[in-house]
Amino acid sequence: MVLPIAGFIIYGLYRTDVQATFDGRLEKLVNAVAVDAMAGEGGLPSVPPNRYEPLFEEIHSGWYWQIQPLNEQDTGRRLVSQSLATGQLPSPKVDGVKISETGSRWLNFDGPLGVRIRIVEVIDRVGHKKDGIPYSIAVAGPVDWLESQLATFRTRLATALTLAGLGLVVVTLFQVRFGLLPLRKIEQGLSDIRTGAATNLEGDFPVEIEPLQHELNALIRSNQDIVDRARTQVGNLAHALKTPLAVVTNEARDAKGTLAKKVTEQATIMRDQVSHYLDRARMAARSGVIGGASNVADVVAPLVRALERIHQDRGIKIQVTCPDDVLFQGEKQDLEEMLGNLLDNACKWAESTVYLTVDRSGEASGQSRTPGRLHIQVEDDGPGLNKEQRKRIGKRGMRLDESKPGSGLGLSIVTDLVQTYRGSFLLDQSEHGGLLVRLVLPAI
């Protein structure tokens, strides 16, 4: 944008300068003609010697001079240059053109052969007397000469600015490609940290980038320190609470009566609540760790083998669709816990087959594309659940069928983990007849 604007300004300044030079030349010629022609004797102008412009002698050259009485009724003498021949120049004064600051008048006109000319006119009298016949002394020059000068300059200016622009583009590309290379190294380093391939931002950077490197590494270390302290406090709290609760529970069980029974009941509830919230704190601490990444296929394979072995007496098979390069952005233990609970529940209720589908885009599960998210579906061909049952089943400790083994905490644990990772959890009806569980989790 700067180059065209600069070119426009430069061209405008040059045009003004060339116009002033051209007009100055015409004024110089008309004053010279007036001095030589009006110095004659006998009250009539004389033919000025052609010592100013050789083109005055070339017919229709575009350069003309003309001397004629200003008023038609005056019986003065009319003189013209050889180049004008039988042509005639108009008088700017007669045409009503106002006088300029230099005492001359200007007019652009189509001259002989239709060539555009610029006329300058001064008024003078023979012998420069005040009472003499006023004469119009006019000199004209071709506007084409002015335009040719401007066209030549315009072409050169455009060429120079184009070359300058191309040079600037090359320099800019070079600067972006090589000058910003350290930032690309930082981008790759942060990507390695996020995926777990590195723990710090390493490498040699320019002095301007080194403070950023140090601050990022300090931020990563601070984050890790906070997580470590949180884990330590959670562990300390677990020991501090569980031991007194175990003592109270054991003492109450040994005692008799309604009070002992009530204490045992409430202590059990307290123990479950403590375990629940300690688990949530542990999950929150793990999810905040920078660089946690787990390969989903590596987690799925051993789970599938173990569950098929556990349910081999019922002939349960697990069909898996999972790319080898899909990464879950989180702790491996959390992914194992979520998939283990979902697959175990599905195997308990399935007639013969459990279906596990994993993909990054959501296309395999029929969902809209969500970049950077991991989509997991677990389905079975069992009896399934109706809408009311699906609403109730996610509650902690809720079991719809006491004939199946379990504590009723599986889906509640999955829900807590999904919320910790800011994902989504959905129960629906599977096309295979049983329950469909859909998870959306962060991916890399």
# chains A, B, ... in the order shown; residues from 1 in each chain; ligands from 1
>>> closest_atom_pairs(of="range 146-231 of chain A", to="range 14-26 of chain A", cutoff="9 Å", atoms="only C-alpha atoms", output="JSON lines")
{"residue": "A:Leu146", "atom": "CA", "partner": "A:Gln19", "partner_atom": "CA", "distance": 7.1}
{"residue": "A:Gln149", "atom": "CA", "partner": "A:Val18", "partner_atom": "CA", "distance": 7.9}
{"residue": "A:Leu150", "atom": "CA", "partner": "A:Arg15", "partner_atom": "CA", "distance": 6.6}
{"residue": "A:Phe153", "atom": "CA", "partner": "A:Tyr14", "partner_atom": "CA", "distance": 8.4}
>>> residues_around(residues="range 340-344 of chain A", least_positions_apart="6", cutoff="7 Å", atoms="only C-alpha atoms", output="list of chain:residue names")
A:Leu303, A:Leu307, A:Val378, A:Gly410, A:Leu411
>>> atom_distance(atom1="CA of Leu327 in chain A", atom2="CA of Leu374 in chain A")
8.1 Å
>>> closest_atom_pairs(of="range 307-353 of chain A", to="range 379-386 of chain A", cutoff="12 Å", atoms="only C-alpha atoms", output="JSON lines")
{"residue": "A:Ile316", "atom": "CA", "partner": "A:Asp380", "partner_atom": "CA", "distance": 10.1}
{"residue": "A:Lys317", "atom": "CA", "partner": "A:Asp380", "partner_atom": "CA", "distance": 10.1}
{"residue": "A:Ile318", "atom": "CA", "partner": "A:Asp380", "partner_atom": "CA", "distance": 9.1}
{"residue": "A:Gln319", "atom": "CA", "partner": "A:Glu379", "partner_atom": "CA", "distance": 9.8}
{"residue": "A:Val320", "atom": "CA", "partner": "A:Glu379", "partner_atom": "CA", "distance": 10.7}
{"residue": "A:Leu339", "atom": "CA", "partner": "A:Glu379", "partner_atom": "CA", "distance": 11.9}
{"residue": "A:Leu342", "atom": "CA", "partner": "A:Glu379", "partner_atom": "CA", "distance": 9.1}
{"residue": "A:Leu343", "atom": "CA", "partner": "A:Glu379", "partner_atom": "CA", "distance": 8.6}
{"residue": "A:Asp344", "atom": "CA", "partner": "A:Asp380", "partner_atom": "CA", "distance": 10.8}
{"residue": "A:Asn345", "atom": "CA", "partner": "A:Asp380", "partner_atom": "CA", "distance": 9.3}
{"residue": "A:Ala346", "atom": "CA", "partner": "A:Asp380", "partner_atom": "CA", "distance": 5.6}
{"residue": "A:Cys347", "atom": "CA", "partner": "A:Asp380", "partner_atom": "CA", "distance": 7.4}
{"residue": "A:Lys348", "atom": "CA", "partner": "A:Gly382", "partner_atom": "CA", "distance": 8.9}
{"residue": "A:Trp349", "atom": "CA", "partner": "A:Gly382", "partner_atom": "CA", "distance": 5.3}
{"residue": "A:Ala350", "atom": "CA", "partner": "A:Gly382", "partner_atom": "CA", "distance": 4.2}
{"residue": "A:Glu351", "atom": "CA", "partner": "A:Gly382", "partner_atom": "CA", "distance": 5.1}
{"residue": "A:Ser352", "atom": "CA", "partner": "A:Asp381", "partner_atom": "CA", "distance": 6.9}
{"residue": "A:Thr353", "atom": "CA", "partner": "A:Asp380", "partner_atom": "CA", "distance": 6.1}
>>> write_last_selection(atoms="all heavy atoms", output="CSV table (one decimal), in the first residue's frame")
chain,number,residue,atom,x,y,z
A,316,ILE,N,-18.6,-63.8,25.4
A,316,ILE,CA,-18.7,-62.4,25.1
A,316,ILE,C,-17.5,-62.0,24.2
A,316,ILE,O,-16.3,-62.3,24.6
A,316,ILE,CB,-18.8,-61.5,26.3
A,316,ILE,CG1,-20.0,-61.9,27.1
A,316,ILE,CG2,-18.8,-60.0,26.0
A,316,ILE,CD1,-21.3,-61.6,26.4
A,317,LYS,N,-17.7,-61.3,23.1
A,317,LYS,CA,-16.6,-60.8,22.3
A,317,LYS,C,-16.7,-59.3,22.2
A,317,LYS,O,-17.8,-58.7,22.2
A,317,LYS,CB,-16.8,-61.4,20.8
A,317,LYS,CG,-16.6,-62.9,20.8
A,317,LYS,CD,-15.2,-63.3,21.2
A,317,LYS,CE,-15.0,-64.8,21.1
A,317,LYS,NZ,-13.6,-65.2,21.5
A,318,ILE,N,-15.6,-58.7,22.1
A,318,ILE,CA,-15.5,-57.2,22.1
A,318,ILE,C,-14.9,-56.8,20.7
A,318,ILE,O,-13.8,-57.1,20.4
A,318,ILE,CB,-14.7,-56.6,23.2
A,318,ILE,CG1,-15.2,-57.0,24.6
A,318,ILE,CG2,-14.6,-55.1,23.1
A,318,ILE,CD1,-14.4,-56.6,25.7
A,319,GLN,N,-15.7,-56.2,19.9
A,319,GLN,CA,-15.3,-55.7,18.6
A,319,GLN,C,-14.7,-54.3,18.7
A,319,GLN,O,-15.4,-53.4,19.2
A,319,GLN,CB,-16.4,-55.7,17.6
A,319,GLN,CG,-16.9,-57.1,17.2
A,319,GLN,CD,-17.9,-57.1,16.1
A,319,GLN,OE1,-18.1,-56.1,15.4
A,319,GLN,NE2,-18.5,-58.3,15.8
A,320,VAL,N,-13.5,-54.1,18.3
A,320,VAL,CA,-12.8,-52.8,18.6
A,320,VAL,C,-12.5,-52.1,17.2
A,320,VAL,O,-11.9,-52.7,16.3
A,320,VAL,CB,-11.5,-53.0,19.4
A,320,VAL,CG1,-10.8,-51.6,19.6
A,320,VAL,CG2,-11.8,-53.6,20.7
A,339,LEU,N,-12.6,-46.5,30.6
A,339,LEU,CA,-12.9,-47.6,29.6
A,339,LEU,C,-13.2,-48.9,30.3
A,339,LEU,O,-14.0,-49.7,29.9
A,339,LEU,CB,-11.7,-47.8,28.6
A,339,LEU,CG,-11.5,-46.7,27.6
A,339,LEU,CD1,-10.3,-46.9,26.7
A,339,LEU,CD2,-12.8,-46.5,26.8
A,342,LEU,N,-16.8,-48.9,31.7
A,342,LEU,CA,-17.8,-48.9,30.6
A,342,LEU,C,-17.8,-50.3,29.9
A,342,LEU,O,-18.9,-50.9,29.7
A,342,LEU,CB,-17.5,-47.9,29.6
A,342,LEU,CG,-17.6,-46.4,30.1
A,342,LEU,CD1,-17.3,-45.4,28.9
A,342,LEU,CD2,-19.1,-46.2,30.5
A,343,LEU,N,-16.6,-50.8,29.6
A,343,LEU,CA,-16.6,-52.2,29.0
A,343,LEU,C,-17.0,-53.3,29.9
A,343,LEU,O,-17.7,-54.2,29.4
A,343,LEU,CB,-15.1,-52.4,28.5
A,343,LEU,CG,-14.6,-51.6,27.3
A,343,LEU,CD1,-13.2,-51.8,27.0
A,343,LEU,CD2,-15.5,-51.8,26.0
A,344,ASP,N,-16.7,-53.2,31.2
A,344,ASP,CA,-17.1,-54.2,32.1
A,344,ASP,C,-18.6,-54.2,32.3
A,344,ASP,O,-19.3,-55.3,32.3
A,344,ASP,CB,-16.5,-53.9,33.5
A,344,ASP,CG,-16.8,-55.0,34.5
A,344,ASP,OD1,-16.7,-56.2,34.1
A,344,ASP,OD2,-17.1,-54.7,35.6
A,345,ASN,N,-19.3,-53.0,32.4
A,345,ASN,CA,-20.7,-52.9,32.4
A,345,ASN,C,-21.3,-53.5,31.2
A,345,ASN,O,-22.3,-54.2,31.2
A,345,ASN,CB,-21.2,-51.5,32.6
A,345,ASN,CG,-21.0,-51.0,34.0
A,345,ASN,OD1,-20.9,-51.8,35.0
A,345,ASN,ND2,-20.9,-49.7,34.2
A,346,ALA,N,-20.8,-53.1,30.0
A,346,ALA,CA,-21.3,-53.6,28.7
A,346,ALA,C,-21.2,-55.1,28.6
A,346,ALA,O,-22.1,-55.8,28.2
A,346,ALA,CB,-20.6,-53.0,27.6
A,347,CYS,N,-20.1,-55.7,29.1
A,347,CYS,CA,-19.9,-57.2,29.0
A,347,CYS,C,-20.9,-57.9,30.0
A,347,CYS,O,-21.4,-59.0,29.6
A,347,CYS,CB,-18.5,-57.6,29.4
A,347,CYS,SG,-17.2,-57.1,28.2
A,348,LYS,N,-21.3,-57.3,31.1
A,348,LYS,CA,-22.2,-57.9,32.0
A,348,LYS,C,-23.6,-58.0,31.4
A,348,LYS,O,-24.3,-59.0,31.7
A,348,LYS,CB,-22.3,-57.1,33.3
A,348,LYS,CG,-21.0,-57.1,34.2
A,348,LYS,CD,-21.1,-56.2,35.4
A,348,LYS,CE,-19.9,-56.3,36.3
A,348,LYS,NZ,-20.0,-55.3,37.4
A,349,TRP,N,-24.0,-57.0,30.6
A,349,TRP,CA,-25.3,-57.0,30.1
A,349,TRP,C,-25.5,-57.4,28.6
A,349,TRP,O,-26.6,-57.7,28.2
A,349,TRP,CB,-25.9,-55.6,30.2
A,349,TRP,CG,-26.1,-55.1,31.6
A,349,TRP,CD1,-25.2,-54.3,32.4
A,349,TRP,CD2,-27.1,-55.5,32.5
A,349,TRP,NE1,-25.7,-54.2,33.6
A,349,TRP,CE2,-26.9,-54.8,33.7
A,349,TRP,CE3,-28.3,-56.2,32.4
A,349,TRP,CZ2,-27.7,-55.0,34.8
A,349,TRP,CZ3,-29.2,-56.4,33.4
A,349,TRP,CH2,-28.9,-55.8,34.7
A,350,ALA,N,-24.4,-57.6,28.0
A,350,ALA,CA,-24.4,-58.0,26.6
A,350,ALA,C,-24.8,-59.5,26.4
A,350,ALA,O,-24.6,-60.3,27.3
A,350,ALA,CB,-23.0,-57.8,25.9
A,351,GLU,N,-25.5,-59.7,25.3
A,351,GLU,CA,-25.9,-61.1,24.9
A,351,GLU,C,-24.7,-61.9,24.4
A,351,GLU,O,-24.4,-63.0,24.7
A,351,GLU,CB,-27.0,-61.1,23.9
A,351,GLU,CG,-28.3,-60.5,24.4
A,351,GLU,CD,-29.0,-61.4,25.5
A,351,GLU,OE1,-28.7,-62.6,25.5
A,351,GLU,OE2,-29.8,-60.9,26.3
A,352,SER,N,-24.0,-61.2,23.4
A,352,SER,CA,-22.8,-61.9,22.8
A,352,SER,C,-21.7,-60.9,22.4
A,352,SER,O,-20.5,-61.3,22.4
A,352,SER,CB,-23.3,-62.6,21.6
A,352,SER,OG,-23.8,-61.7,20.6
A,353,THR,N,-22.0,-59.7,22.1
A,353,THR,CA,-21.0,-58.8,21.6
A,353,THR,C,-21.1,-57.4,22.2
A,353,THR,O,-22.2,-56.8,22.5
A,353,THR,CB,-21.2,-58.6,20.0
A,353,THR,OG1,-21.3,-59.9,19.4
A,353,THR,CG2,-20.1,-57.9,19.4
>>> closest_residue(among="A:Leu356, A:Ala293, A:Val139, A:Ile59", to="Leu107 in chain A", atoms="only C-alpha atoms")
A:Val139
>>> select_by_dssp(residues="range 46-181 of chain A", states="strand (DSSP E or B)", output="ChimeraX atom specification")
/A:64-69,79-80,105-110,116-125,134-142
>>> residues_around(residues="Arg125 in chain A", least_positions_apart="3", cutoff="12 Å", atoms="only C-alpha atoms", output="MDAnalysis selection string")
chainID A and resid 34:46 67:70 76:77 122 128:137
>>> atom_distance(atom1="CA of Lys185 in chain A", atom2="CA of Lys332 in chain A")
27.9 Å
>>> atom_distance(atom1="CA of His311 in chain A", atom2="CA of Tyr355 in chain A")
14.9 Å
>>> residues_around(residues="Arg116 in chain A", least_positions_apart="5", cutoff="10 Å", atoms="only C-alpha atoms", output="JSON, numbers by chain")
{"A": [62, 108, 109, 110, 111, 140, 141, 142, 143, 144, 145]}
>>> write_last_selection(atoms="C-alpha atoms", output="mmCIF file, in the first residue's frame")
data_model
loop_
_atom_site.group_PDB
_atom_site.id
_atom_site.type_symbol
_atom_site.label_atom_id
_atom_site.label_comp_id
_atom_site.auth_asym_id
_atom_site.auth_seq_id
_atom_site.Cartn_x
_atom_site.Cartn_y
_atom_site.Cartn_z
ATOM 1 C CA GLY A 62 3.532 22.732 -32.402
ATOM 2 C CA ASN A 108 -5.185 25.253 -23.777
ATOM 3 C CA PHE A 109 -6.410 24.962 -27.354
ATOM 4 C CA ASP A 110 -6.598 22.521 -30.277
ATOM 5 C CA GLY A 111 -4.129 24.005 -32.742
ATOM 6 C CA ALA A 140 2.224 28.317 -27.945
ATOM 7 C CA GLY A 141 3.883 24.991 -27.230
ATOM 8 C CA PRO A 142 2.640 21.411 -27.729
ATOM 9 C CA VAL A 143 1.002 19.752 -24.753
ATOM 10 C CA ASP A 144 2.185 16.441 -26.203
ATOM 11 C CA TRP A 145 5.730 17.375 -25.244
#
>>> residues_around(residues="range 261-265 of chain A", least_positions_apart="4", cutoff="12 Å", atoms="only C-alpha atoms", output="short mmCIF file (atom, residue, chain, number, x, y, z; two decimals) with C-alpha atoms, in the first residue's frame")
data_model
loop_
_atom_site.label_atom_id
_atom_site.label_comp_id
_atom_site.auth_asym_id
_atom_site.auth_seq_id
_atom_site.Cartn_x
_atom_site.Cartn_y
_atom_site.Cartn_z
CA LEU A 245 -12.97 -43.48 60.63
CA ALA A 246 -11.73 -47.06 60.65
CA VAL A 247 -11.25 -46.91 64.44
CA VAL A 248 -14.74 -45.47 64.98
CA THR A 249 -16.28 -48.10 62.69
CA ASN A 250 -14.50 -50.99 64.41
CA GLU A 251 -15.44 -49.76 67.89
CA ALA A 252 -19.05 -49.27 66.86
CA ARG A 253 -19.25 -52.77 65.38
CA ASP A 254 -18.04 -54.29 68.63
CA ALA A 255 -20.66 -52.40 70.63
CA LYS A 256 -24.34 -53.24 70.90
CA GLY A 257 -27.42 -51.13 70.60
CA ILE A 269 -21.30 -43.03 54.65
CA MET A 270 -18.51 -40.70 55.75
CA ARG A 271 -15.87 -43.15 54.52
CA ASP A 272 -17.57 -43.39 51.11
#
>>> closest_residue(among="A:Glu215, A:Asp225, A:Glu27, A:Glu208", to="Leu180 in chain A", atoms="only C-alpha atoms")
A:Glu208
>>> select_by_dssp(residues="range 151-359 of chain A", states="alpha helix (DSSP H)", output="JSON, numbers by chain")
{"A": [151, 152, 153, 154, 155, 156, 157, 158, 159, 160, 161, 162, 163, 164, 165, 166, 167, 168, 169, 170, 171, 172, 173, 174, 181, 182, 183, 184, 185, 186, 187, 188, 189, 190, 191, 192, 193, 194, 195, 210, 211, 212, 213, 214, 215, 216, 217, 218, 219, 220, 221, 222, 223, 224, 225, 226, 227, 228, 229, 230, 231, 232, 233, 234, 235, 236, 237, 238, 239, 240, 241, 242, 243, 244, 245, 246, 247, 248, 249, 250, 251, 252, 253, 254, 258, 259, 260, 261, 262, 263, 264, 265, 266, 267, 268, 269, 270, 271, 272, 273, 274, 275, 276, 277, 278, 279, 280, 281, 282, 283, 284, 285, 286, 287, 296, 297, 298, 299, 300, 301, 302, 303, 304, 305, 306, 307, 308, 309, 310, 332, 333, 334, 335, 336, 337, 338, 339, 340, 341, 342, 343, 344, 345, 346, 347, 348, 349]}
